[in-house]
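Asks: The following block contains the structure, expressed as structure tokens.
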Amino acid sequence: MTELKLDYDAINKYIRASSLQSVIMIGCDSVRKKHRGKSCALYSTVVCIRKATGEGKNVMYHGSRVFGASVTLPDYGKVIKSGKIANLRLRLIQEVTFALEAFDNVYEAIGKRPFEIHLDINSRPECESHVAMQEARGYVMGVTGYEPEFKPYALAASFAADAHAHGLLQ
């Protein structure tokens, strides 16, 4: 198994050099895989800095810088007859834990910049990932004091971390 190794020195240096209007977004996503014949989950955590220039009503955004890292951990869940994963809630809460770990390592650099934690959990009750929404919200708010963003507004998790988990961002 591998270890999550975000380069927090580089991330914090980049954040501190960014405009105070730049938006900092943290997210994590996971993908189930087989690793040496065993079920595993690849967790990808990203810190996205949406670059801004200008002040007040004249703020303009110029893309994002994405820092990411992945770690593979055993996945103890079972796929039940319906095809659903029995431990989905556990895996989603592990994603939240990785996002909060990243938050803890960049919090001081963020300063007064806008900040969001994005969770790859759907806000719609009919979706499977909704099972962990309340626990995840409480976990994030208890640790950070911030209300997290959920799908469909959780772009750092749903797009950036997902792309990193699938090897599309390196």
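Letters A, B, ... mark the chains of the structure tokens in the order given; residue numbers begin at 1 per chain; ligand numbers begin at 1, in order shown.
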Stretch 10-104 of chain A near stretch 161-165 of chain A within 8 Å: what's each residue's closest atom pair and its distance in Å to one decimal, counting only C-alpha atoms, ordered by chain then ascending residue number, as a tab-separated table?
Replies:
residue	atom	partner	partner_atom	distance
A:Gly27	CA	A:Ala161	CA	6.3
A:Cys28	CA	A:Ala161	CA	5.4
A:Asp29	CA	A:Ala161	CA	5.3
A:Ser30	CA	A:Ala165	CA	6.6
A:Val31	CA	A:Ala165	CA	6.6
A:Leu42	CA	A:Ala165	CA	6.7
A:Tyr43	CA	A:Ala165	CA	6.7
A:Ser44	CA	A:Ala165	CA	5.2
A:Thr45	CA	A:Ala161	CA	5.8
A:Val46	CA	A:Ala161	CA	5.6
A:Gly68	CA	A:His164	CA	6.9
A:Ala69	CA	A:His164	CA	7.7
A:Ser70	CA	A:Ala165	CA	7.0
Asks: Please give the complete set of residues from stretch 17-123 of chain A that DSSP, run on the backbone, assigns to strand (DSSP E), formatted as a PyMOL selection string.
Replies: chain A and resi 23-35+38-53+60-74+115-122
Asks: Nearest residue to A:Phe115 out of A:Val66, A:Cys127, A:Val23, A:Ile11, using only C-alpha atoms?
Replies: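 Distance minimum relative to A:Phe115 lands on A:Val23.
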Asks: Which of these residues is nearest to A:Ala156, using only C-alpha atoms: A:Phe67, A:Tyr139, A:Tyr107, A:Tyr76?
Replies: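 When distances to A:Ala156 are compared using only C-alpha atoms, the smallest one comes from A:Phe67.
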Asks: Give me, as number ranges by chain, the residues of stretch 41-157 of chain A that a backbone DSSP run labels helix (DSSP H, G or I).
Replies: A: 56-58, 88-110, 128-144, 155-157
Asks: As an NGL selection string, please: the residues near A:Ala102 (cut-off 12 Å, only C-alpha atoms, same-chain neighbours under 4 positions excluded).
Replies: :A and (4-9 or 11-12 or 24-28 or 44-48 or 67-69 or 95-98 or 106-110 or 116-118 or 144)
Asks: Could the residues in this selection be written to a file with N, CA, C and O atoms, as a compact mmCIF listing (two decimals), in the first residue's frame?
Replies:
# COMPACT_ATOMS: atom_id res chain seq x y z
N LEU A 4 -0.22 8.61 1.44
CA LEU A 4 -0.65 9.89 0.89
C LEU A 4 0.44 10.92 1.13
O LEU A 4 0.83 11.16 2.27
N LYS A 5 0.95 11.51 0.04
CA LYS A 5 2.06 12.46 0.18
C LYS A 5 1.79 13.73 -0.60
O LYS A 5 2.34 13.95 -1.67
N LEU A 6 0.91 14.56 -0.08
CA LEU A 6 0.74 15.89 -0.65
C LEU A 6 1.94 16.73 -0.21
O LEU A 6 2.38 16.63 0.94
N ASP A 7 2.44 17.56 -1.10
CA ASP A 7 3.58 18.42 -0.79
C ASP A 7 3.06 19.70 -0.15
O ASP A 7 2.84 20.71 -0.82
N TYR A 8 2.82 19.64 1.16
CA TYR A 8 2.21 20.79 1.85
C TYR A 8 3.09 22.02 1.85
O TYR A 8 2.58 23.14 1.87
N ASP A 9 4.40 21.85 1.81
CA ASP A 9 5.27 23.03 1.72
C ASP A 9 5.00 23.78 0.43
O ASP A 9 4.83 25.01 0.43
N ILE A 11 2.28 23.54 -1.48
CA ILE A 11 0.89 24.02 -1.49
C ILE A 11 0.77 25.30 -0.67
O ILE A 11 0.19 26.30 -1.13
N ASN A 12 1.33 25.30 0.53
CA ASN A 12 1.23 26.49 1.38
C ASN A 12 1.96 27.68 0.77
O ASN A 12 1.47 28.81 0.85
N ILE A 24 -9.82 28.62 -2.21
CA ILE A 24 -9.15 27.36 -1.89
C ILE A 24 -10.22 26.30 -1.70
O ILE A 24 -11.16 26.48 -0.92
N MET A 25 -10.10 25.19 -2.45
CA MET A 25 -11.07 24.10 -2.37
C MET A 25 -10.32 22.80 -2.12
O MET A 25 -9.32 22.52 -2.79
N ILE A 26 -10.82 22.01 -1.20
CA ILE A 26 -10.22 20.72 -0.87
C ILE A 26 -11.27 19.64 -1.09
O ILE A 26 -12.43 19.82 -0.70
N GLY A 27 -10.86 18.54 -1.71
CA GLY A 27 -11.79 17.43 -1.92
C GLY A 27 -11.07 16.11 -1.98
O GLY A 27 -9.85 16.05 -2.12
N CYS A 28 -11.83 15.04 -1.84
CA CYS A 28 -11.29 13.68 -1.93
C CYS A 28 -12.33 12.80 -2.61
O CYS A 28 -13.53 13.01 -2.46
N SER A 44 -7.97 9.66 -3.58
CA SER A 44 -7.23 10.80 -4.13
C SER A 44 -7.72 12.07 -3.47
O SER A 44 -8.92 12.36 -3.49
N THR A 45 -6.79 12.81 -2.90
CA THR A 45 -7.09 14.06 -2.23
C THR A 45 -6.48 15.19 -3.05
O THR A 45 -5.35 15.08 -3.50
N VAL A 46 -7.24 16.27 -3.23
CA VAL A 46 -6.75 17.40 -3.99
C VAL A 46 -6.95 18.70 -3.21
O VAL A 46 -7.88 18.83 -2.43
N VAL A 47 -6.03 19.63 -3.44
CA VAL A 47 -6.16 21.00 -2.98
C VAL A 47 -6.14 21.84 -4.25
O VAL A 47 -5.16 21.82 -5.00
N CYS A 48 -7.24 22.53 -4.51
CA CYS A 48 -7.38 23.35 -5.72
C CYS A 48 -7.35 24.82 -5.32
O CYS A 48 -8.05 25.22 -4.40
N PHE A 67 -3.22 20.53 -6.74
CA PHE A 67 -2.22 19.66 -6.12
C PHE A 67 -2.96 18.40 -5.69
O PHE A 67 -4.03 18.49 -5.09
N GLY A 68 -2.41 17.24 -5.98
CA GLY A 68 -3.10 16.02 -5.61
C GLY A 68 -2.15 14.90 -5.24
O GLY A 68 -0.99 14.89 -5.62
N ALA A 69 -2.68 13.96 -4.49
CA ALA A 69 -1.94 12.75 -4.12
C ALA A 69 -2.95 11.65 -3.85
O ALA A 69 -4.11 11.91 -3.54
N GLU A 95 -13.03 9.38 3.00
CA GLU A 95 -12.76 10.50 2.09
C GLU A 95 -12.80 11.82 2.85
O GLU A 95 -11.94 12.69 2.66
N VAL A 96 -13.80 11.98 3.71
CA VAL A 96 -13.92 13.20 4.51
C VAL A 96 -12.68 13.35 5.41
O VAL A 96 -12.12 14.44 5.53
N THR A 97 -12.23 12.26 5.99
CA THR A 97 -11.05 12.29 6.86
C THR A 97 -9.82 12.78 6.10
O THR A 97 -9.06 13.61 6.61
N PHE A 98 -9.63 12.29 4.87
CA PHE A 98 -8.48 12.76 4.08
C PHE A 98 -8.62 14.24 3.73
O PHE A 98 -7.63 14.98 3.76
N VAL A 106 -3.17 23.02 5.61
CA VAL A 106 -3.12 24.26 4.83
C VAL A 106 -3.87 25.41 5.50
O VAL A 106 -3.83 26.54 5.02
N TYR A 107 -4.52 25.14 6.60
CA TYR A 107 -5.39 26.13 7.24
C TYR A 107 -4.69 27.47 7.48
O TYR A 107 -5.23 28.53 7.17
N GLU A 108 -3.51 27.45 8.04
CA GLU A 108 -2.82 28.71 8.36
C GLU A 108 -2.49 29.51 7.10
O GLU A 108 -2.56 30.74 7.12
N ALA A 109 -2.17 28.84 6.01
CA ALA A 109 -1.84 29.54 4.76
C ALA A 109 -3.08 30.17 4.12
O ALA A 109 -2.97 31.18 3.43
N ILE A 110 -4.24 29.60 4.35
CA ILE A 110 -5.47 30.10 3.74
C ILE A 110 -5.77 31.53 4.19
O ILE A 110 -6.18 32.36 3.39
N GLU A 116 -13.42 26.28 0.80
CA GLU A 116 -14.51 25.31 0.75
C GLU A 116 -13.95 23.90 0.86
O GLU A 116 -12.91 23.59 0.28
N ILE A 117 -14.68 23.04 1.59
CA ILE A 117 -14.40 21.61 1.58
C ILE A 117 -15.48 20.96 0.73
O ILE A 117 -16.68 21.16 0.98
N HIS A 118 -15.07 20.24 -0.31
CA HIS A 118 -15.99 19.60 -1.24
C HIS A 118 -16.03 18.10 -0.97
O HIS A 118 -14.98 17.46 -0.89
N THR A 144 -14.00 21.98 11.40
CA THR A 144 -13.59 23.23 10.75
C THR A 144 -14.47 24.44 11.05
O THR A 144 -14.03 25.56 10.90
Asks: What is the atom CA of A:Ala154-atom CA of A:Asp120 distance in Å, reported with one decimal?
Replies: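 Spanning atom CA of A:Ala154 to atom CA of A:Asp120 is a straight-line distance of 6.5 Å.
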Asks: Between atom CA of A:Val131 and atom CA of A:Ser39, what is the distance in Å, rounded to a tenth?
Replies: 21.6 Å
Asks: My list of candidates is A:Arg89, A:Arg113, A:Arg137, A:His62. Which is closest to A:Arg16 when distances are computed with only C-alpha atoms?
Replies: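 Nearest candidate to A:Arg16 out of A:Arg89, A:Arg113, A:Arg137, A:His62: A:Arg113.
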